[in-house]
Structure formats: structure tokens, C-alpha cells
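Enquirer: File name work06.csv; file contents CSV, C-alpha atoms and all ligand atoms; full text below.
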```
chain,number,residue,atom,x,y,z
A,26,MET,CA,-18.2,-34.7,-91.1
A,27,ASP,CA,-19.0,-32.7,-94.3
A,28,ALA,CA,-19.7,-36.0,-96.1
A,29,ILE,CA,-22.0,-38.4,-98.0
A,30,GLY,CA,-22.0,-37.3,-101.6
A,31,THR,CA,-24.9,-39.0,-103.4
A,32,ASP,CA,-26.5,-39.2,-106.9
A,33,HIS,CA,-29.0,-36.7,-105.6
A,34,GLU,CA,-26.2,-34.3,-105.0
A,35,ASN,CA,-24.8,-34.8,-108.5
A,36,LEU,CA,-28.3,-34.2,-110.0
A,37,PHE,CA,-28.8,-31.1,-107.9
A,38,LEU,CA,-25.4,-29.6,-108.8
A,39,THR,CA,-26.0,-30.4,-112.5
A,40,ALA,CA,-29.3,-28.4,-112.2
A,41,ALA,CA,-27.4,-25.5,-110.5
A,42,LEU,CA,-25.0,-25.5,-113.5
A,43,GLU,CA,-27.6,-25.8,-116.3
A,44,THR,CA,-30.6,-23.8,-114.9
A,45,PRO,CA,-29.4,-21.9,-111.8
A,46,GLU,CA,-32.4,-19.5,-112.1
A,47,ARG,CA,-34.7,-22.4,-111.3
A,48,VAL,CA,-32.8,-23.6,-108.2
A,49,LEU,CA,-34.2,-23.0,-104.7
A,50,VAL,CA,-32.0,-23.4,-101.6
A,51,ALA,CA,-34.0,-23.1,-98.3
A,52,LEU,CA,-32.2,-22.7,-95.0
A,53,ASP,CA,-33.1,-23.2,-91.4
A,54,PHE,CA,-31.7,-20.6,-89.0
A,55,ASP,CA,-30.7,-22.0,-85.5
A,56,GLY,CA,-28.2,-24.8,-85.8
A,57,THR,CA,-27.8,-24.3,-89.5
A,58,LEU,CA,-26.8,-20.7,-90.2
A,59,SER,CA,-26.2,-20.0,-86.5
A,60,ASP,CA,-24.5,-22.2,-83.9
A,61,VAL,CA,-26.8,-23.2,-81.0
A,62,VAL,CA,-26.1,-21.0,-78.0
A,63,ASP,CA,-27.6,-20.8,-74.5
A,64,ASP,CA,-29.4,-17.6,-74.9
A,65,PRO,CA,-31.6,-17.4,-78.1
A,66,ASP,CA,-31.2,-13.6,-78.1
A,67,THR,CA,-27.4,-13.8,-78.6
A,68,ALA,CA,-27.5,-16.2,-81.6
A,69,TYR,CA,-25.7,-14.9,-84.6
A,70,VAL,CA,-25.1,-16.1,-88.2
A,71,HIS,CA,-21.7,-17.7,-88.5
A,72,PRO,CA,-19.6,-15.2,-90.5
A,73,GLU,CA,-18.7,-17.8,-93.2
A,74,ALA,CA,-22.4,-18.7,-93.5
A,75,ARG,CA,-23.3,-15.0,-93.9
A,76,ARG,CA,-20.7,-14.5,-96.6
A,77,ALA,CA,-21.8,-17.7,-98.4
A,78,VAL,CA,-25.4,-16.7,-98.4
A,79,ALA,CA,-24.4,-13.2,-99.7
A,80,ASP,CA,-22.4,-14.9,-102.5
A,81,LEU,CA,-25.2,-17.3,-103.4
A,82,VAL,CA,-28.2,-14.9,-103.7
A,83,GLY,CA,-26.8,-13.5,-106.9
A,84,ARG,CA,-26.0,-16.9,-108.4
A,85,ILE,CA,-29.2,-19.0,-108.2
A,86,GLY,CA,-32.8,-18.1,-108.6
A,87,HIS,CA,-34.1,-18.4,-105.0
A,88,VAL,CA,-32.6,-18.4,-101.5
A,89,ALA,CA,-34.9,-18.6,-98.5
A,90,ILE,CA,-34.7,-18.9,-94.8
A,91,ILE,CA,-37.5,-21.0,-93.3
A,92,THR,CA,-37.4,-20.8,-89.5
A,93,GLY,CA,-39.3,-21.1,-86.3
A,94,ARG,CA,-38.0,-17.6,-85.4
A,95,PRO,CA,-40.1,-14.5,-86.0
A,96,VAL,CA,-38.9,-12.7,-89.1
A,97,ASP,CA,-37.9,-9.6,-87.1
A,98,GLN,CA,-35.5,-11.7,-85.1
A,99,VAL,CA,-33.9,-13.1,-88.2
A,100,ARG,CA,-33.5,-9.6,-89.6
A,101,ARG,CA,-31.9,-8.4,-86.4
A,102,LEU,CA,-29.7,-11.4,-85.6
A,103,GLY,CA,-28.8,-12.2,-89.2
A,104,ARG,CA,-27.3,-8.8,-89.9
A,105,PHE,CA,-27.5,-9.4,-93.6
A,106,ASP,CA,-26.7,-6.4,-95.9
A,107,ASP,CA,-29.8,-4.7,-97.3
A,108,GLU,CA,-28.9,-5.8,-100.8
A,109,VAL,CA,-28.8,-9.5,-99.6
A,110,LEU,CA,-31.9,-9.0,-97.5
A,111,GLY,CA,-33.8,-7.7,-100.6
A,112,ARG,CA,-33.0,-11.0,-102.4
A,113,LEU,CA,-34.0,-13.3,-99.6
A,114,VAL,CA,-37.4,-14.7,-98.8
A,115,ILE,CA,-37.6,-15.2,-95.0
A,116,LEU,CA,-40.5,-17.3,-93.8
A,117,GLY,CA,-40.8,-17.0,-90.1
A,118,GLN,CA,-42.7,-18.9,-87.4
A,119,TYR,CA,-43.1,-22.0,-89.7
A,120,GLY,CA,-44.6,-19.9,-92.5
A,121,ALA,CA,-46.9,-17.6,-90.4
A,122,GLU,CA,-44.7,-14.6,-91.2
A,123,ARG,CA,-42.9,-13.4,-94.3
A,124,LEU,CA,-40.2,-10.8,-95.0
A,125,ASP,CA,-39.1,-10.3,-98.6
A,126,ALA,CA,-38.4,-7.5,-101.2
A,127,THR,CA,-42.1,-6.5,-101.0
A,128,GLY,CA,-41.9,-5.9,-97.2
A,129,ARG,CA,-42.9,-7.4,-93.9
A,130,HIS,CA,-46.0,-9.5,-93.7
A,131,VAL,CA,-46.8,-10.3,-90.0
A,132,PRO,CA,-50.4,-11.1,-88.9
A,133,GLU,CA,-51.9,-9.8,-85.6
A,134,PRO,CA,-50.8,-11.8,-82.5
A,135,PRO,CA,-53.4,-14.3,-81.3
A,136,GLN,CA,-54.9,-14.1,-77.8
A,137,ALA,CA,-54.3,-17.9,-77.2
A,138,VAL,CA,-50.6,-17.3,-77.1
A,139,ARG,CA,-51.0,-14.5,-74.5
A,140,ASP,CA,-53.1,-16.9,-72.4
A,141,ALA,CA,-50.6,-19.7,-72.7
A,142,ILE,CA,-47.7,-17.3,-71.7
A,143,ALA,CA,-49.7,-16.4,-68.5
A,144,ALA,CA,-50.4,-20.1,-67.7
A,145,LEU,CA,-46.7,-21.1,-68.3
A,146,GLY,CA,-45.2,-18.3,-66.2
A,147,PRO,CA,-45.0,-20.2,-62.9
A,148,LEU,CA,-42.7,-22.8,-64.5
A,149,ALA,CA,-39.9,-20.1,-64.7
A,150,ASP,CA,-40.1,-19.6,-61.0
A,151,GLU,CA,-40.2,-23.4,-60.2
A,152,PHE,CA,-37.3,-24.4,-62.5
A,153,PRO,CA,-34.2,-22.2,-62.3
A,154,GLY,CA,-32.9,-21.4,-65.7
A,155,LEU,CA,-36.1,-22.3,-67.5
A,156,PHE,CA,-37.0,-19.4,-69.8
A,157,ILE,CA,-40.3,-18.5,-71.5
A,158,GLU,CA,-39.8,-16.9,-74.9
A,159,ASP,CA,-42.7,-14.7,-76.1
A,160,LYS,CA,-42.7,-14.9,-80.0
A,161,SER,CA,-46.1,-13.2,-80.3
A,162,HIS,CA,-47.4,-16.1,-82.5
A,163,ALA,CA,-45.9,-18.7,-80.4
A,164,VAL,CA,-44.4,-19.3,-77.0
A,165,GLY,CA,-41.2,-21.2,-76.4
A,166,VAL,CA,-40.4,-23.0,-73.1
A,167,HIS,CA,-36.6,-23.2,-73.2
A,168,THR,CA,-34.6,-25.4,-70.8
A,169,ARG,CA,-31.0,-25.2,-72.2
A,170,ARG,CA,-30.0,-23.2,-69.2
A,171,ALA,CA,-31.9,-25.3,-66.7
A,172,ALA,CA,-30.8,-28.5,-64.9
A,173,ALA,CA,-30.5,-31.6,-67.1
A,174,GLY,CA,-33.8,-33.4,-67.5
A,175,THR,CA,-35.9,-30.3,-67.0
A,176,LEU,CA,-37.6,-30.5,-70.4
A,177,GLU,CA,-38.9,-34.0,-69.5
A,178,ARG,CA,-40.0,-32.8,-66.1
A,179,VAL,CA,-42.2,-30.0,-67.5
A,180,ARG,CA,-43.4,-31.7,-70.7
A,181,ASP,CA,-46.8,-32.9,-69.4
A,182,ARG,CA,-47.6,-29.5,-68.0
A,183,VAL,CA,-46.6,-27.7,-71.2
A,184,LEU,CA,-48.7,-30.2,-73.2
A,185,GLU,CA,-51.7,-29.6,-70.9
A,186,VAL,CA,-51.4,-25.8,-71.6
A,187,ALA,CA,-51.2,-26.5,-75.3
A,188,GLU,CA,-54.4,-28.5,-75.2
A,189,ARG,CA,-56.2,-26.0,-73.0
A,190,PHE,CA,-55.6,-23.1,-75.4
A,191,GLY,CA,-55.8,-25.2,-78.6
A,192,LEU,CA,-52.1,-24.7,-79.6
A,193,GLU,CA,-49.8,-26.8,-81.8
A,194,VAL,CA,-46.8,-28.4,-80.0
A,195,GLU,CA,-43.4,-28.1,-81.8
A,196,PRO,CA,-40.5,-29.9,-80.1
A,197,GLY,CA,-37.0,-28.6,-80.7
A,198,LYS,CA,-33.6,-28.7,-79.1
A,199,GLU,CA,-34.1,-28.1,-75.4
A,200,VAL,CA,-37.4,-26.3,-76.2
A,201,LEU,CA,-41.1,-27.0,-76.6
A,202,GLU,CA,-42.9,-24.4,-78.6
A,203,LEU,CA,-46.7,-23.8,-78.6
A,204,ARG,CA,-48.0,-22.1,-81.6
A,205,THR,CA,-51.3,-21.1,-83.3
A,206,HIS,CA,-50.1,-21.5,-86.8
A,207,ARG,CA,-50.8,-25.1,-87.9
A,208,GLY,CA,-48.5,-25.1,-90.9
A,209,THR,CA,-45.1,-26.9,-91.0
A,210,LYS,CA,-41.9,-26.0,-92.7
A,211,GLY,CA,-43.0,-28.6,-95.3
A,212,ASP,CA,-46.1,-26.6,-96.1
A,213,ALA,CA,-44.0,-23.4,-96.3
A,214,LEU,CA,-41.5,-25.1,-98.6
A,215,THR,CA,-44.2,-26.6,-100.9
A,216,ALA,CA,-45.9,-23.2,-101.2
A,217,LEU,CA,-42.5,-21.6,-102.1
A,218,VAL,CA,-41.7,-24.2,-104.7
A,219,GLU,CA,-45.1,-23.6,-106.3
A,220,GLU,CA,-44.7,-19.8,-106.2
A,221,THR,CA,-41.2,-19.7,-107.6
A,222,GLY,CA,-41.5,-22.6,-110.1
A,223,ALA,CA,-38.2,-24.0,-108.8
A,224,THR,CA,-37.3,-27.3,-110.4
A,225,ALA,CA,-34.4,-28.1,-108.1
A,226,VAL,CA,-34.8,-27.8,-104.4
A,227,ALA,CA,-32.4,-28.2,-101.4
A,228,MET,CA,-33.5,-27.9,-97.8
A,229,VAL,CA,-30.8,-27.4,-95.2
A,230,GLY,CA,-31.7,-28.0,-91.5
A,231,ASP,CA,-30.7,-29.6,-88.2
A,232,ASP,CA,-33.8,-30.3,-86.1
A,233,LEU,CA,-37.1,-32.0,-86.0
A,234,GLY,CA,-39.0,-28.9,-87.2
A,235,ASP,CA,-37.1,-29.3,-90.5
A,236,VAL,CA,-38.2,-32.9,-91.1
A,237,PRO,CA,-41.5,-32.0,-92.9
A,238,ALA,CA,-39.4,-30.0,-95.3
A,239,PHE,CA,-37.0,-32.9,-95.8
A,240,ASP,CA,-40.1,-35.0,-96.6
A,241,VAL,CA,-41.1,-32.5,-99.3
A,242,VAL,CA,-37.6,-32.8,-100.9
A,243,ALA,CA,-37.8,-36.6,-100.6
A,244,GLU,CA,-41.1,-36.6,-102.5
A,245,LEU,CA,-39.5,-34.5,-105.3
A,246,GLN,CA,-36.7,-37.0,-105.5
A,247,ARG,CA,-39.2,-39.9,-105.8
A,248,ARG,CA,-40.7,-38.1,-108.7
A,249,GLY,CA,-37.2,-37.9,-110.3
A,250,ARG,CA,-36.7,-34.2,-109.7
A,251,PRO,CA,-33.4,-32.8,-108.4
A,252,GLY,CA,-33.8,-32.4,-104.6
A,253,LEU,CA,-31.3,-32.5,-101.8
A,254,VAL,CA,-31.6,-33.0,-98.1
A,255,VAL,CA,-28.7,-31.2,-96.4
A,256,VAL,CA,-28.3,-31.9,-92.7
A,257,SER,CA,-26.3,-29.7,-90.3
A,258,GLY,CA,-25.2,-32.4,-88.0
A,259,SER,CA,-25.1,-32.2,-84.2
A,260,ASP,CA,-24.8,-34.5,-81.2
A,261,GLU,CA,-28.3,-33.4,-80.2
A,262,ARG,CA,-30.0,-34.9,-83.2
A,263,PRO,CA,-28.0,-37.9,-84.3
A,264,GLU,CA,-31.1,-39.5,-85.8
A,265,LEU,CA,-31.2,-36.9,-88.6
A,266,VAL,CA,-27.9,-38.2,-90.1
A,267,ALA,CA,-29.8,-41.0,-91.7
A,268,ARG,CA,-31.9,-38.4,-93.6
A,269,ALA,CA,-28.9,-36.6,-95.1
A,270,ASP,CA,-27.9,-36.7,-98.8
A,271,VAL,CA,-25.2,-34.2,-97.7
A,272,LEU,CA,-24.0,-34.0,-94.1
A,273,CYS,CA,-22.4,-30.8,-92.9
A,274,GLU,CA,-20.4,-30.1,-89.8
A,275,GLY,CA,-22.6,-27.3,-88.3
A,276,PRO,CA,-22.9,-23.8,-89.8
A,277,ALA,CA,-19.3,-23.7,-90.9
A,278,GLY,CA,-19.9,-26.9,-92.9
A,279,VAL,CA,-23.1,-25.5,-94.3
A,280,ALA,CA,-21.1,-22.5,-95.5
A,281,ARG,CA,-18.8,-24.8,-97.3
A,282,TRP,CA,-21.7,-26.6,-98.9
A,283,LEU,CA,-23.3,-23.3,-100.0
A,284,ASP,CA,-19.9,-22.4,-101.6
A,285,SER,CA,-19.9,-25.7,-103.5
A,286,VAL,CA,-23.3,-24.8,-105.0
A,287,GLY,CA,-22.1,-21.3,-105.8
A,288,VAL,CA,-18.9,-22.5,-107.7
A,289,THR,CA,-21.1,-24.9,-109.7
A,290,THR,CA,-23.1,-22.1,-111.2
A,291,PRO,CA,-21.9,-20.5,-114.5
B,1,LIG,O1,-36.3,-23.2,-87.1
B,1,LIG,P1,-35.1,-22.7,-86.4
B,1,LIG,O2,-34.5,-21.6,-87.2
B,1,LIG,O3,-34.1,-23.8,-86.1
B,1,LIG,O4,-35.6,-22.1,-85.0
B,1,LIG,C1,-36.1,-23.0,-84.1
B,1,LIG,C2,-36.1,-22.4,-82.7
B,1,LIG,O5,-34.7,-22.0,-82.5
B,1,LIG,C3,-34.4,-21.3,-81.3
B,1,LIG,O6,-34.1,-22.1,-80.3
B,1,LIG,C4,-33.0,-22.9,-80.5
B,1,LIG,O7,-31.8,-22.1,-80.7
B,1,LIG,C5,-31.5,-21.4,-79.5
B,1,LIG,C6,-30.3,-20.5,-79.8
B,1,LIG,O8,-29.2,-21.2,-80.3
B,1,LIG,C7,-31.1,-22.4,-78.3
B,1,LIG,O9,-30.8,-21.7,-77.1
B,1,LIG,C8,-32.4,-23.3,-78.1
B,1,LIG,O10,-32.0,-24.2,-77.1
B,1,LIG,C9,-32.8,-23.9,-79.4
B,1,LIG,O11,-33.9,-24.7,-79.2
B,1,LIG,C10,-35.4,-20.1,-81.0
B,1,LIG,O12,-35.2,-19.6,-79.7
B,1,LIG,C11,-36.8,-20.5,-81.3
B,1,LIG,O13,-37.6,-19.4,-81.2
B,1,LIG,C12,-36.9,-21.1,-82.6
B,1,LIG,O14,-38.3,-21.4,-82.9
```
So, in terms of C-alpha cells, how does the structure I just supplied come out?

Expert:
Amino acid sequence: MDAIGTDHENLFLTAALETPERVLVALDFDGTLSDVVDDPDTAYVHPEARRAVADLVGRIGHVAIITGRPVDQVRRLGRFDDEVLGRLVILGQYGAERLDATGRHVPEPPQAVRDAIAALGPLADEFPGLFIEDKSHAVGVHTRRAAAGTLERVRDRVLEVAERFGLEVEPGKEVLELRTHRGTKGDALTALVEETGATAVAMVGDDLGDVPAFDVVAELQRRGRPGLVVVSGSDERPELVARADVLCEGPAGVARWLDSVGVTTP
């Protein structure tokens, strides 16, 4: 893959050359920096992606990770050097949490998530391989290790629990997440663009949760500003290829794209 060069890419790379301090690259975690694996707790950042992020943080104004993961998981699984970590902004749980040079900003866990976890518990007994992930601000119902079709079979029951406890439903790859935070990655990216004053923005992602952030980039493009939708392609989400200004072959391809931004900078 690693394909589809567009005018948007030329505009973005020109911005990286001329005003690197005003460039923001936002990255998703799973499927983008990390390959998708069966057990979420064993995910790790692709070594080339870790190196490419470390190279890029000193070259452009802003590098962020915007993820459905809690920030503590990103810190633990990402294994970024402290120097790199100090230059990253990590927005966890779709913007509910933040880790940056000023510290860790994580609100108190809501009771509704605890109630939902208790209500969903029986699913794990009924469907071998189904796994409930407690993310404190959200609960994930994972079916990657269960029989094919399990996600569809449990969907209605998960949606009923979401409704009962007033939780937002976030669909992902072999997962349904229920969360209290109403914001999307689009909201998180918009706030970060305003905060940083970035004039050129790229969002790199692979899944449905990244689409609202892709929409934010598309709006910038419509207004004639440098913006880039970078998709980490996978067989699980072929529909996202149509959104790509740049299509990368998984995390290794994302690392190559990050390098291409880095070499453009002065
Ligand atoms: O926004 P992201 O960084 O993409 O995080 C979204 C969710 O990703 C994780 O689940 C996904 O990756 C797992 C590990 O590769 C995989 O086993 C699972 O099937 C995928 O859906 C994570 O576990 C969730 O907490 C994130 O919200």
C-alpha cells in the first residue's frame, strides 16, 4: 500500500518545510502505532513507529496521540523515552484524559461504568473468549478471541446496557465500548488545534473512532488550510481507504510516512 499522494499531501509537506513549528500531527494508537493483537494488554508500539515519533517530536511543533486507550496504558505500552514523552500530548479515552509535560490529568471514574461492568459480566461466562475491559471511564466488550460472529450476537444486549446507564456507544474493531465521555476524537482534535494554533494538521488513524477527527481535517481542507487524512489500512476497515489522502500499510507504513514529514522539515 503506502500510496495515494495528493495535492493535500503536497500542501501539508510544504507547510512542514516552511513553518514546521505550526504543524500538528495527531496519531491514533491501536492499528496505527501498534499492530492489532488478540490481547489489548500485550499491544506494543511498532519499533519503527516509536523511533519515527521520537525523531519527529523535535522537528515539528506538535505531536499528539489521540486514542480510546486510557493515558496510563499508552504510557506503559508505548515505552517512549521520558524526553519524548515530555514533548507529546496524549489525549486518552477520546479526550477525557490528558498526559503532557504538565502532568497527568485524569478525572474521577464514574459510577455508571462500574454499574455497566457488573451488568455485562455474565456475557464473559456465556461467550467463551469474550473479554470485558475495565477502562475506568469506559468499558470495552472485546470479542477478538471469541467465536466469529460473537460481536453481532451480543450487540443488542450491550446496547441495552448502554441505554440503561446512559452511556455512549463507540464501535471499534471486534469491540464495543461504552463510555461516559460524550466527546469524540474530532472534538479532541479541534480543541488541540485551537490550543496550539497549528495551521497545518494531519490525523493518522485506522478505525471508526478516528472518523470524526478525519472530518475535522476535511473541514480545514475545505477552508483551504493544509490538512491531511492519513489512513493506516487494514482488511478490517476497507471502507476507510476512500477517506485517505495518504494510505499507509499498517504501523510500519505509518512510520515511513512520519519519516517523510521529518525529512521535509529544515
Ligand atoms: O483509539 P485507539 O487507539 O485505536 O484505541 C481503540 C481501542 O483499541 C483497543 O482495542 C483494539 O486493539 C486491541 C489490541 O490490538 C484489539 O485486541 C482489539 O480487538 C481492538 O479493538 C483497546 O483495547 C481499547 O481500549 C481502545 O479503546

Enquirer: Return as a ChimeraX atom specification the residues of protein, DNA or RNA that approach ligand LIG 1 (chain B) to within 9 Å, with all atoms listed in the file taken into account.

Expert: /A:52-69,90-95,98-99,117-119,158-160,163-165,167-170,195-202,210,230-235

Enquirer: Given the choices A:Val50, A:Arg75, A:Leu155, A:Gly275, which gets closest to Phe37 of chain A if the distance is worked out from all atoms listed in the file?

Expert: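 Comparing A:Val50, A:Arg75, A:Leu155, A:Gly275 against Phe37 of chain A, the winner is A:Val50.
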
Enquirer: Any chance you could tabulate, as a tab-separated table, the residues of segment 124-236 of chain A at most 6 Å from segment 100-115 of chain A with each one's nearest atom pair and distance in Å to one decimal, using only C-alpha atoms, in chain and rising number order?

Expert:
```
residue	atom	partner	partner_atom	distance
A:Leu124	CA	A:Ile115	CA	5.1
A:Asp125	CA	A:Val114	CA	4.7
A:Ala126	CA	A:Gly111	CA	4.6
```

Enquirer: Which residues are near segment 262-271 of chain A? Cut-off 9 Å, all atoms listed in the file, ignore same chain within fewer than 3 positions. Put them as a CSV table (one decimal) with C-alpha atoms, in the frame of the given file.

Expert:
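Below you can see selection.csv, which holds the result:
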```csv
chain,number,residue,atom,x,y,z
A,27,ASP,CA,-19.0,-32.7,-94.3
A,28,ALA,CA,-19.7,-36.0,-96.1
A,29,ILE,CA,-22.0,-38.4,-98.0
A,30,GLY,CA,-22.0,-37.3,-101.6
A,31,THR,CA,-24.9,-39.0,-103.4
A,32,ASP,CA,-26.5,-39.2,-106.9
A,33,HIS,CA,-29.0,-36.7,-105.6
A,34,GLU,CA,-26.2,-34.3,-105.0
A,198,LYS,CA,-33.6,-28.7,-79.1
A,231,ASP,CA,-30.7,-29.6,-88.2
A,232,ASP,CA,-33.8,-30.3,-86.1
A,233,LEU,CA,-37.1,-32.0,-86.0
A,236,VAL,CA,-38.2,-32.9,-91.1
A,239,PHE,CA,-37.0,-32.9,-95.8
A,253,LEU,CA,-31.3,-32.5,-101.8
A,254,VAL,CA,-31.6,-33.0,-98.1
A,255,VAL,CA,-28.7,-31.2,-96.4
A,256,VAL,CA,-28.3,-31.9,-92.7
A,257,SER,CA,-26.3,-29.7,-90.3
A,258,GLY,CA,-25.2,-32.4,-88.0
A,259,SER,CA,-25.1,-32.2,-84.2
A,282,TRP,CA,-21.7,-26.6,-98.9
```

Enquirer: When you count only C-alpha atoms, which of these residues is closest to Gln246 of chain A: A:Val194, A:Thr224, A:Glu122, A:Pro147?

Expert: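 Closest to Gln246 of chain A, using only C-alpha atoms: A:Thr224.
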
Enquirer: Between atom CA of Asp212 of chain A and atom CA of Glu185 of chain A, what is the spacing in Å?

Expert: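 Atom CA of Asp212 of chain A lies at a distance of 26.0 Å from atom CA of Glu185 of chain A.
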
Enquirer: Between A:Gly146, A:Leu184, A:His206, A:Ala173, which is the closest to Ser161 of chain A once you count only C-alpha atoms?

Expert: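 Of all the options, A:His206 lies closest to Ser161 of chain A.
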
Enquirer: Give me, please, the distance in Å between atom CA of Pro251 of chain A and atom CA of Ala225 of chain A, quoted to one decimal.

Expert: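 That distance, rounded to one decimal, is 4.8 Å.
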
Enquirer: Counting all atoms listed in the file, figure out which residue out of A:Val48, A:Val70, A:Ala238, A:Ala40 gets nearest to Ala277 of chain A.

Expert: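 Once distances to Ala277 of chain A are computed over all atoms listed in the file, the minimum belongs to A:Val70.
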
Enquirer: Record the distance separating atom CA of Val88 of chain A and atom CA of Glu133 of chain A, expressed in Å with one decimal.

Expert: 26.4 Å

Enquirer: Let me have the centre and edge lengths of the axis-aligned box enclosing all listed atoms of segment 186-204 of chain A with 4 Å padding on every side, in Å to one decimal, as JSON.

Expert:
```
{"center_x": -44.9, "center_y": -26.0, "center_z": -76.7, "size_x": 30.6, "size_y": 15.8, "size_z": 18.2}
```

Enquirer: Which residue out of A:Leu214, A:Ala141, A:Val288, A:Leu116 has the minimum interatomic distance to Pro237 of chain A when only C-alpha atoms are used?

Expert: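 Ranking A:Leu214, A:Ala141, A:Val288, A:Leu116 by distance to Pro237 of chain A, first place goes to A:Leu214.
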
Enquirer: Go through A:Leu217, A:Ala172, A:Val96, A:Val229 and flag the residue nearest Val279 of chain A, using all atoms listed in the file for the distances.

Expert: A:Val229

Enquirer: Skipping near chain neighbours, those fewer than 5 positions away, what residues fall within 9 Å of Ala121 of chain A using all atoms listed in the file, listed as a ChimeraX atom specification?

Expert: /A:95,116,130-132,162,206-208,213

Enquirer: Reconstruct segment 140-165 of chain A at the level of N, CA and C atoms, and format the result as a CSV table (one decimal), in the coordinates of the input.

Expert:
```csv
chain,number,residue,atom,x,y,z
A,140,ASP,N,-52.6,-16.1,-73.5
A,140,ASP,CA,-53.1,-16.9,-72.4
A,140,ASP,C,-52.1,-18.0,-72.0
A,141,ALA,N,-51.5,-18.6,-73.0
A,141,ALA,CA,-50.6,-19.7,-72.7
A,141,ALA,C,-49.4,-19.1,-71.9
A,142,ILE,N,-48.9,-17.9,-72.3
A,142,ILE,CA,-47.7,-17.3,-71.7
A,142,ILE,C,-48.0,-17.1,-70.2
A,143,ALA,N,-49.3,-16.6,-69.9
A,143,ALA,CA,-49.7,-16.4,-68.5
A,143,ALA,C,-49.7,-17.7,-67.8
A,144,ALA,N,-50.2,-18.8,-68.4
A,144,ALA,CA,-50.4,-20.1,-67.7
A,144,ALA,C,-49.0,-20.7,-67.5
A,145,LEU,N,-48.0,-20.5,-68.4
A,145,LEU,CA,-46.7,-21.1,-68.3
A,145,LEU,C,-45.8,-20.4,-67.3
A,146,GLY,N,-46.1,-19.1,-67.0
A,146,GLY,CA,-45.2,-18.3,-66.2
A,146,GLY,C,-44.7,-18.9,-65.0
A,147,PRO,N,-45.5,-19.6,-64.2
A,147,PRO,CA,-45.0,-20.2,-62.9
A,147,PRO,C,-43.8,-21.2,-63.1
A,148,LEU,N,-43.8,-21.8,-64.3
A,148,LEU,CA,-42.7,-22.8,-64.5
A,148,LEU,C,-41.3,-22.1,-64.4
A,149,ALA,N,-41.2,-20.8,-64.8
A,149,ALA,CA,-39.9,-20.1,-64.7
A,149,ALA,C,-39.5,-19.9,-63.3
A,150,ASP,N,-40.5,-19.8,-62.4
A,150,ASP,CA,-40.1,-19.6,-61.0
A,150,ASP,C,-39.7,-21.0,-60.3
A,151,GLU,N,-40.4,-22.0,-60.8
A,151,GLU,CA,-40.2,-23.4,-60.2
A,151,GLU,C,-38.9,-24.0,-60.7
A,152,PHE,N,-38.5,-23.7,-61.9
A,152,PHE,CA,-37.3,-24.4,-62.5
A,152,PHE,C,-36.3,-23.4,-62.9
A,153,PRO,N,-35.3,-23.2,-62.0
A,153,PRO,CA,-34.2,-22.2,-62.3
A,153,PRO,C,-33.6,-22.4,-63.6
A,154,GLY,N,-33.5,-21.4,-64.4
A,154,GLY,CA,-32.9,-21.4,-65.7
A,154,GLY,C,-33.9,-21.6,-66.8
A,155,LEU,N,-35.1,-22.1,-66.5
A,155,LEU,CA,-36.1,-22.3,-67.5
A,155,LEU,C,-36.6,-20.9,-68.0
A,156,PHE,N,-36.8,-20.7,-69.3
A,156,PHE,CA,-37.0,-19.4,-69.8
A,156,PHE,C,-38.2,-19.5,-70.8
A,157,ILE,N,-39.1,-18.5,-70.6
A,157,ILE,CA,-40.3,-18.5,-71.5
A,157,ILE,C,-40.0,-17.4,-72.6
A,158,GLU,N,-40.1,-17.8,-73.8
A,158,GLU,CA,-39.8,-16.9,-74.9
A,158,GLU,C,-41.1,-16.5,-75.6
A,159,ASP,N,-41.4,-15.2,-75.5
A,159,ASP,CA,-42.7,-14.7,-76.1
A,159,ASP,C,-42.3,-14.4,-77.6
A,160,LYS,N,-42.9,-15.2,-78.5
A,160,LYS,CA,-42.7,-14.9,-80.0
A,160,LYS,C,-43.9,-14.3,-80.6
A,161,SER,N,-44.8,-13.9,-79.9
A,161,SER,CA,-46.1,-13.2,-80.3
A,161,SER,C,-47.0,-14.3,-81.0
A,162,HIS,N,-46.6,-15.0,-81.9
A,162,HIS,CA,-47.4,-16.1,-82.5
A,162,HIS,C,-47.2,-17.4,-81.9
A,163,ALA,N,-46.3,-17.5,-81.0
A,163,ALA,CA,-45.9,-18.7,-80.4
A,163,ALA,C,-45.2,-18.4,-79.0
A,164,VAL,N,-45.2,-19.4,-78.2
A,164,VAL,CA,-44.4,-19.3,-77.0
A,164,VAL,C,-43.5,-20.5,-76.9
A,165,GLY,N,-42.2,-20.2,-76.5
A,165,GLY,CA,-41.2,-21.2,-76.4
A,165,GLY,C,-40.9,-21.4,-74.9
```
